[in-house]
Structures are given as structure tokens and as C-alpha cells.
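So this one's final.cif, mmCIF, C-alpha atoms and all ligand atoms:
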```cif
data_my_file
loop_
_atom_site.group_PDB
_atom_site.id
_atom_site.type_symbol
_atom_site.label_atom_id
_atom_site.label_comp_id
_atom_site.auth_asym_id
_atom_site.auth_seq_id
_atom_site.Cartn_x
_atom_site.Cartn_y
_atom_site.Cartn_z
ATOM 1 C CA MET A 1 -30.476 63.202 26.897
ATOM 2 C CA SER A 2 -30.957 60.328 24.496
ATOM 3 C CA PRO A 3 -32.780 57.213 25.712
ATOM 4 C CA PHE A 4 -29.545 55.284 25.239
ATOM 5 C CA PHE A 5 -27.714 57.440 27.732
ATOM 6 C CA GLN A 6 -30.652 57.401 30.080
ATOM 7 C CA LYS A 7 -30.620 53.607 30.027
ATOM 8 C CA ALA A 8 -26.907 53.402 30.725
ATOM 9 C CA GLN A 9 -27.175 55.890 33.525
ATOM 10 C CA ASP A 10 -30.090 54.130 35.150
ATOM 11 C CA ALA A 11 -28.463 50.739 34.960
ATOM 12 C CA ASN A 12 -24.895 51.478 35.882
ATOM 13 C CA ASP A 13 -24.745 54.868 37.537
ATOM 14 C CA VAL A 14 -22.698 56.333 34.698
ATOM 15 C CA SER A 15 -23.718 59.752 33.437
ATOM 16 C CA ALA A 16 -23.821 60.858 29.821
ATOM 17 C CA GLU A 17 -21.112 63.324 30.744
ATOM 18 C CA ASP A 18 -18.882 60.538 32.119
ATOM 19 C CA VAL A 19 -19.147 58.650 28.833
ATOM 20 C CA ARG A 20 -18.462 61.725 26.710
ATOM 21 C CA LYS A 21 -15.420 62.546 28.812
ATOM 22 C CA ALA A 22 -14.036 59.031 28.458
ATOM 23 C CA VAL A 23 -14.295 59.083 24.668
ATOM 24 C CA THR A 24 -12.872 62.596 24.536
ATOM 25 C CA THR A 25 -9.920 61.384 26.609
ATOM 26 C CA LEU A 26 -9.295 58.583 24.116
ATOM 27 C CA LEU A 27 -9.326 61.092 21.270
ATOM 28 C CA ARG A 28 -6.842 63.309 23.060
ATOM 29 C CA TYR A 29 -4.705 60.277 23.892
ATOM 30 C CA ILE A 30 -4.019 59.700 20.188
ATOM 31 C CA GLY A 31 -3.265 63.364 19.623
ATOM 32 C CA GLU A 32 -6.585 64.343 18.083
ATOM 33 C CA ASP A 33 -8.437 67.581 18.623
ATOM 34 C CA PRO A 34 -11.870 66.612 20.005
ATOM 35 C CA SER A 35 -13.177 70.093 19.269
ATOM 36 C CA ARG A 36 -12.684 69.931 15.504
ATOM 37 C CA ASP A 37 -15.808 69.705 13.387
ATOM 38 C CA GLY A 38 -15.662 66.032 12.412
ATOM 39 C CA LEU A 39 -15.250 64.893 16.000
ATOM 40 C CA LEU A 40 -17.756 67.074 17.787
ATOM 41 C CA GLU A 41 -20.506 64.466 17.818
ATOM 42 C CA THR A 42 -18.162 61.491 18.078
ATOM 43 C CA PRO A 43 -18.364 60.943 21.855
ATOM 44 C CA ASP A 44 -22.158 60.759 21.593
ATOM 45 C CA ARG A 45 -22.055 58.428 18.611
ATOM 46 C CA VAL A 46 -19.495 56.119 20.189
ATOM 47 C CA ALA A 47 -21.530 55.812 23.367
ATOM 48 C CA ARG A 48 -24.672 55.020 21.413
ATOM 49 C CA ALA A 49 -22.878 52.467 19.220
ATOM 50 C CA TRP A 50 -21.475 50.808 22.321
ATOM 51 C CA LEU A 51 -24.867 50.406 23.909
ATOM 52 C CA GLU A 52 -26.279 49.001 20.695
ATOM 53 C CA MET A 53 -23.463 46.513 20.285
ATOM 54 C CA THR A 54 -23.817 45.319 23.862
ATOM 55 C CA ASP A 55 -27.601 45.208 24.129
ATOM 56 C CA GLY A 56 -27.451 41.441 24.686
ATOM 57 C CA TYR A 57 -26.855 41.946 28.412
ATOM 58 C CA ALA A 58 -30.434 43.099 28.851
ATOM 59 C CA ILE A 59 -32.017 40.058 27.200
ATOM 60 C CA ARG A 60 -32.595 36.792 29.033
ATOM 61 C CA PRO A 61 -32.024 33.779 26.769
ATOM 62 C CA GLU A 62 -34.548 31.657 28.678
ATOM 63 C CA LYS A 63 -37.230 34.139 27.683
ATOM 64 C CA ILE A 64 -36.475 33.714 23.994
ATOM 65 C CA LEU A 65 -36.511 29.932 24.270
ATOM 66 C CA SER A 66 -39.577 29.706 26.483
ATOM 67 C CA THR A 67 -42.045 29.637 23.587
ATOM 68 C CA THR A 68 -41.862 26.119 22.249
ATOM 69 C CA PHE A 69 -44.317 24.276 20.091
ATOM 70 C CA GLU A 70 -45.126 20.610 20.003
ATOM 71 C CA GLY A 71 -43.390 18.666 17.289
ATOM 72 C CA SER A 72 -43.314 14.956 16.770
ATOM 73 C CA SER A 73 -40.046 14.927 14.835
ATOM 74 C CA ASP A 74 -36.806 13.982 16.522
ATOM 75 C CA GLU A 75 -34.768 14.739 13.407
ATOM 76 C CA MET A 76 -31.970 17.274 13.428
ATOM 77 C CA VAL A 77 -32.931 20.955 13.229
ATOM 78 C CA LEU A 78 -30.102 23.042 11.789
ATOM 79 C CA LEU A 79 -29.888 26.757 11.167
ATOM 80 C CA LYS A 80 -26.653 27.607 9.430
ATOM 81 C CA ASN A 81 -24.889 30.775 8.318
ATOM 82 C CA ILE A 82 -26.332 32.934 11.091
ATOM 83 C CA GLU A 83 -24.386 36.151 10.726
ATOM 84 C CA PHE A 84 -23.261 37.795 13.936
ATOM 85 C CA ASN A 85 -21.141 40.690 15.098
ATOM 86 C CA SER A 86 -19.547 40.863 18.495
ATOM 87 C CA LEU A 87 -16.841 42.715 20.415
ATOM 88 C CA CYS A 88 -13.760 40.924 21.688
ATOM 89 C CA GLU A 89 -13.324 41.603 25.365
ATOM 90 C CA HIS A 90 -9.552 41.803 25.098
ATOM 91 C CA HIS A 91 -9.328 44.679 22.655
ATOM 92 C CA LEU A 92 -12.906 45.950 22.411
ATOM 93 C CA LEU A 93 -12.663 45.457 18.661
ATOM 94 C CA PRO A 94 -15.288 43.734 16.514
ATOM 95 C CA PHE A 95 -15.228 40.144 15.487
ATOM 96 C CA THR A 96 -17.762 38.970 12.955
ATOM 97 C CA GLY A 97 -18.720 35.763 11.269
ATOM 98 C CA LYS A 98 -21.238 32.992 11.046
ATOM 99 C CA ALA A 99 -22.717 30.575 13.517
ATOM 100 C CA HIS A 100 -24.231 27.196 12.724
ATOM 101 C CA VAL A 101 -26.632 25.879 15.333
ATOM 102 C CA ALA A 102 -28.267 22.458 15.457
ATOM 103 C CA TYR A 103 -30.230 20.449 17.964
ATOM 104 C CA LEU A 104 -32.012 17.134 18.139
ATOM 105 C CA PRO A 105 -35.437 17.751 19.678
ATOM 106 C CA ALA A 106 -36.575 15.639 22.600
ATOM 107 C CA GLY A 107 -39.969 15.492 24.267
ATOM 108 C CA GLY A 108 -41.511 17.377 21.348
ATOM 109 C CA ARG A 109 -39.867 20.652 22.395
ATOM 110 C CA ILE A 110 -39.208 22.682 19.248
ATOM 111 C CA VAL A 111 -38.606 26.431 18.837
ATOM 112 C CA GLY A 112 -39.074 28.695 15.849
ATOM 113 C CA LEU A 113 -35.921 28.963 13.747
ATOM 114 C CA SER A 114 -35.701 32.700 14.321
ATOM 115 C CA LYS A 115 -35.234 31.965 18.027
ATOM 116 C CA LEU A 116 -31.964 30.209 17.286
ATOM 117 C CA ALA A 117 -30.751 33.302 15.452
ATOM 118 C CA ARG A 118 -31.831 35.511 18.346
ATOM 119 C CA ILE A 119 -29.956 33.349 20.836
ATOM 120 C CA VAL A 120 -26.792 33.877 18.802
ATOM 121 C CA ASP A 121 -27.356 37.648 18.909
ATOM 122 C CA VAL A 122 -28.023 37.715 22.653
ATOM 123 C CA PHE A 123 -24.576 36.305 23.354
ATOM 124 C CA ALA A 124 -22.812 38.045 20.458
ATOM 125 C CA HIS A 125 -24.010 41.424 21.691
ATOM 126 C CA ARG A 126 -21.875 41.289 24.805
ATOM 127 C CA LEU A 127 -18.140 41.605 25.310
ATOM 128 C CA GLN A 128 -16.961 38.169 24.323
ATOM 129 C CA VAL A 129 -14.319 35.646 23.548
ATOM 130 C CA GLN A 130 -15.446 33.361 20.750
ATOM 131 C CA GLU A 131 -14.884 30.140 22.710
ATOM 132 C CA ARG A 132 -17.160 31.272 25.524
ATOM 133 C CA MET A 133 -19.796 32.605 23.159
ATOM 134 C CA THR A 134 -19.935 29.209 21.438
ATOM 135 C CA GLU A 135 -20.374 27.441 24.786
ATOM 136 C CA GLN A 136 -23.024 29.865 25.966
ATOM 137 C CA ILE A 137 -25.148 29.371 22.856
ATOM 138 C CA ALA A 138 -24.968 25.590 23.273
ATOM 139 C CA GLU A 139 -25.632 25.814 27.006
ATOM 140 C CA ALA A 140 -28.725 28.024 26.597
ATOM 141 C CA ILE A 141 -30.262 25.619 24.094
ATOM 142 C CA SER A 142 -29.280 22.619 26.176
ATOM 143 C CA VAL A 143 -30.757 23.958 29.417
ATOM 144 C CA ASN A 144 -33.948 25.397 27.974
ATOM 145 C CA LEU A 145 -34.958 22.852 25.328
ATOM 146 C CA LYS A 146 -33.439 19.769 26.939
ATOM 147 C CA PRO A 147 -32.779 18.244 23.518
ATOM 148 C CA SER A 148 -30.949 14.981 23.055
ATOM 149 C CA GLY A 149 -28.071 16.866 21.492
ATOM 150 C CA VAL A 150 -26.791 20.348 20.594
ATOM 151 C CA ALA A 151 -24.074 21.323 18.128
ATOM 152 C CA VAL A 152 -22.731 24.824 17.632
ATOM 153 C CA VAL A 153 -19.948 25.817 15.251
ATOM 154 C CA VAL A 154 -18.799 29.427 15.059
ATOM 155 C CA GLU A 155 -16.507 30.857 12.387
ATOM 156 C CA GLY A 156 -15.166 34.271 13.316
ATOM 157 C CA VAL A 157 -12.820 36.818 11.810
ATOM 158 C CA HIS A 158 -11.259 38.940 14.537
ATOM 159 C CA SER A 159 -10.379 42.477 13.633
ATOM 160 C CA CYS A 160 -8.009 42.588 16.593
ATOM 161 C CA MET A 161 -5.970 40.021 14.680
ATOM 162 C CA CYS A 162 -6.348 41.649 11.253
ATOM 163 C CA LEU A 163 -5.767 45.280 12.161
ATOM 164 C CA ARG A 164 -3.096 45.061 14.830
ATOM 165 C CA GLY A 165 -0.685 42.571 16.382
ATOM 166 C CA VAL A 166 0.153 39.798 13.903
ATOM 167 C CA ARG A 167 -2.062 41.361 11.158
ATOM 168 C CA LYS A 168 -3.314 38.150 9.640
ATOM 169 C CA ASP A 169 -6.034 39.219 7.286
ATOM 170 C CA GLY A 170 -8.906 36.804 6.809
ATOM 171 C CA ALA A 171 -7.665 34.171 9.244
ATOM 172 C CA THR A 172 -10.805 32.490 10.494
ATOM 173 C CA MET A 173 -11.176 31.126 13.983
ATOM 174 C CA VAL A 174 -13.399 28.069 14.256
ATOM 175 C CA THR A 175 -14.853 26.975 17.587
ATOM 176 C CA SER A 176 -17.366 24.286 18.347
ATOM 177 C CA SER A 177 -19.431 22.933 21.178
ATOM 178 C CA LEU A 178 -20.951 19.474 20.830
ATOM 179 C CA ARG A 179 -23.261 18.024 23.418
ATOM 180 C CA GLY A 180 -25.308 14.900 23.938
ATOM 181 C CA VAL A 181 -25.763 12.741 20.853
ATOM 182 C CA PHE A 182 -23.536 15.023 18.761
ATOM 183 C CA ARG A 183 -20.703 14.119 21.079
ATOM 184 C CA THR A 184 -21.435 10.433 21.596
ATOM 185 C CA ASP A 185 -22.636 9.369 18.144
ATOM 186 C CA ASN A 186 -20.162 9.573 15.272
ATOM 187 C CA ALA A 187 -22.792 9.332 12.535
ATOM 188 C CA THR A 188 -24.869 12.206 13.941
ATOM 189 C CA ARG A 189 -21.808 14.380 14.310
ATOM 190 C CA ALA A 190 -20.664 13.527 10.775
ATOM 191 C CA GLU A 191 -24.097 14.374 9.377
ATOM 192 C CA PHE A 192 -24.012 17.753 11.113
ATOM 193 C CA MET A 193 -20.495 18.538 9.907
ATOM 194 C CA SER A 194 -21.274 17.622 6.316
ATOM 195 C CA LEU A 195 -24.445 19.751 6.332
ATOM 196 C CA VAL A 196 -22.486 22.703 7.719
ATOM 197 C CA GLN A 197 -19.740 22.345 5.142
ATOM 198 C CA LYS A 198 -22.139 22.199 2.203
ATOM 199 C CA SER A 199 -22.427 25.693 0.814
HETATM 200 ZN ZN ZN A 201 -9.131 40.709 20.548
#
```
Show me, as C-alpha cells, the structure contained in the file I just sent.
Ligand code: ZN
Amino acid sequence: MSPFFQKAQDANDVSAEDVRKAVTTLLRYIGEDPSRDGLLETPDRVARAWLEMTDGYAIRPEKILSTTFEGSSDEMVLLKNIEFNSLCEHHLLPFTGKAHVAYLPAGGRIVGLSKLARIVDVFAHRLQVQERMTEQIAEAISVNLKPSGVAVVVEGVHSCMCLRGVRKDGATMVTSSLRGVFRTDNATRAEFMSLVQKS
């Protein structure tokens, strides 16, 4: 048994066999023959891919943001174009895109830039809706760093919209969460927006 299956089984009382059966059922549902060569390993691969794409459940955001270093600057910190991939909880299909994350440090609490990228991944690697993901990223930074402001903008392309339903290829969904100074001060918000829009 692969470690992936072992993990799933330990955590949720689901056996490797249960998972394989579920994927096999889906294959049969669409009229496929799960016993043909190309599909023999598919149930295993799908289960493994699923666990990889949802490994954010096992990571606590407060742990990532707990290592801060002292900084004297209270200027905006912005990490833009953070690529992410997630799964929409309505269709279990991928949505992908970029997140832009900024905060205004307070009390000297600053984190390494890579931590901002990891926070995006923690929430992206769960079943999501983009609006909630955007809020959760902002909330985690807000609660753990207690900055004077947080701004998160997420641009996502949803394959559930491109591949099925209305089939609008390339339509980008934009969501934002602005807190603290980014919400109350027009100039700060405008500075953030113009930095994000600059390519
Ligand atoms: Zn969807």
C-alpha cells in the first residue's frame, strides 16, 4: 500500500480498496472498461492525485506564519503573481490562476515572502470556492501577523466554466478581500491596485 493510501486510511477510515472501487465505478458510469490496459492503474493514480491536490487540509496556517522576524518598516509588502491550483468544490474540477497578497506590517511583525506563497497553497489545496479561498488567505494573515492592513486579489480560471456548462474559455474570475487600512484608506488601496496591475 502506498503511503498516500495509508495516510487517507488512517485519517478518514477509508481503505485503498474503497477508493479504487469508487474510481472504477466512475469509469463504468461513463461506459468505459476499467479492465483495459490504459485504465488499469487509473484508480490508483486518481486517488494519489486527489490526496496531493488536497494536502492543504493537513497544514495549519498559523504554523507557517509563526516564524516572524523583526522589521522596522511599516511599508507595504506585496507578493504578486503567486500561481496556484485548486479544486472547485462544486464540480471537483481544477481552477487555476494567480494570487496577489499584500500586508502593511505592524509591531515589527514580518514574515519571509515564501510564507505568503505557502499560505496561498495551504488554502488552494483544499476543495474550494474562490471567494472563500480569498477570504481565508486574508484572514490567516490578519489573525497571525496582526498587520494594519491586508489585501488579497485572486484571479482564477475555472475549468468547470470552460469545459462544461456555459463553456466560456478564458473568462477570469476576480475576487478580493481588503482589510484594515486597505479598506479605509483610498490612497493605500489605490497604490496596491496599481502595483498589482503593473505587469
Ligand atoms: Zn465549479
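The contact shell of ligand ZN 201 (chain A), defined as all polymer residues within 12 Å when all atoms listed in the file are used, comprises Ser86, Leu87, Cys88, Glu89, His90, His91, Leu92, Leu93, Pro94, Phe95, Thr96, Leu127, Gln128, Val129, Gln130, Gly156, Val157, His158, Ser159, Cys160, Met161, Cys162, Leu163, Arg164, Gly165, Val166, Arg167 and Met173 of chain A.
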Go ahead and save the residues from that selection, with C-alpha atoms, as a PDB file, in the coordinates of the input.
```pdb
ATOM      1  CA  SER A  86     -19.547  40.863  18.495  1.00  0.00           C
ATOM      2  CA  LEU A  87     -16.841  42.715  20.415  1.00  0.00           C
ATOM      3  CA  CYS A  88     -13.760  40.924  21.688  1.00  0.00           C
ATOM      4  CA  GLU A  89     -13.324  41.603  25.365  1.00  0.00           C
ATOM      5  CA  HIS A  90      -9.552  41.803  25.098  1.00  0.00           C
ATOM      6  CA  HIS A  91      -9.328  44.679  22.655  1.00  0.00           C
ATOM      7  CA  LEU A  92     -12.906  45.950  22.411  1.00  0.00           C
ATOM      8  CA  LEU A  93     -12.663  45.457  18.661  1.00  0.00           C
ATOM      9  CA  PRO A  94     -15.288  43.734  16.514  1.00  0.00           C
ATOM     10  CA  PHE A  95     -15.228  40.144  15.487  1.00  0.00           C
ATOM     11  CA  THR A  96     -17.762  38.970  12.955  1.00  0.00           C
ATOM     12  CA  LEU A 127     -18.140  41.605  25.310  1.00  0.00           C
ATOM     13  CA  GLN A 128     -16.961  38.169  24.323  1.00  0.00           C
ATOM     14  CA  VAL A 129     -14.319  35.646  23.548  1.00  0.00           C
ATOM     15  CA  GLN A 130     -15.446  33.361  20.750  1.00  0.00           C
ATOM     16  CA  GLY A 156     -15.166  34.271  13.316  1.00  0.00           C
ATOM     17  CA  VAL A 157     -12.820  36.818  11.810  1.00  0.00           C
ATOM     18  CA  HIS A 158     -11.259  38.940  14.537  1.00  0.00           C
ATOM     19  CA  SER A 159     -10.379  42.477  13.633  1.00  0.00           C
ATOM     20  CA  CYS A 160      -8.009  42.588  16.593  1.00  0.00           C
ATOM     21  CA  MET A 161      -5.970  40.021  14.680  1.00  0.00           C
ATOM     22  CA  CYS A 162      -6.348  41.649  11.253  1.00  0.00           C
ATOM     23  CA  LEU A 163      -5.767  45.280  12.161  1.00  0.00           C
ATOM     24  CA  ARG A 164      -3.096  45.061  14.830  1.00  0.00           C
ATOM     25  CA  GLY A 165      -0.685  42.571  16.382  1.00  0.00           C
ATOM     26  CA  VAL A 166       0.153  39.798  13.903  1.00  0.00           C
ATOM     27  CA  ARG A 167      -2.062  41.361  11.158  1.00  0.00           C
ATOM     28  CA  MET A 173     -11.176  31.126  13.983  1.00  0.00           C
TER      29      MET A 173
END
```
Subject >> the PyMOL selection byres (((chain A and resi 53) around 8) and not hetatm) applied to the shown file, residues as a PyMOL selection string >> reply: chain A and resi 49-52+54-56+86-87+125-126
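Between CA of Arg118 in chain A and CA of Val153 in chain A the separation is 15.6 Å.
Of the listed residues (A:Asp33, A:Glu17, A:Glu62, A:Glu70), A:Glu70 comes nearest to Gly112 in chain A; the distances count only C-alpha atoms.
Atom pair CA of Val19 in chain A / CA of Ala47 in chain A: separated by 6.6 Å.
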Can you build me a table of range 20-84 of chain A residues sitting at most 12 Å from range 178-186 of chain A, with the closest atom pair per residue and its distance in Å to one decimal, using all atoms listed in the file, sorted by chain and residue number, as a tab-separated table?
```
residue	atom	partner	partner_atom	distance
A:Asp74	CA	A:Val181	CA	11.9
A:Glu75	CA	A:Val181	CA	11.9
A:Met76	CA	A:Phe182	CA	10.2
```
Original post:
So which residues touch Leu78 in chain A within 9 Å, counting all atoms listed in the file, skipping near sequence neighbours fewer than 5 positions away, as a VMD selection string?
Top reply: chain A and resid 100 to 104 113 151 192 195 to 196
Subject >> Evaluate the PyMOL selection byres (((chain A and resi 42) around 12) and not hetatm) and report residues as a PyMOL selection string >> reply: chain A and resi 19-27+32-41+43-50
**OP:** Could you jot down the CA of Ala171 in chain A to CA of Ile30 in chain A separation for me, Å, one decimal place?
**Re:**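 Here the two named atoms are 28.0 Å from each other.
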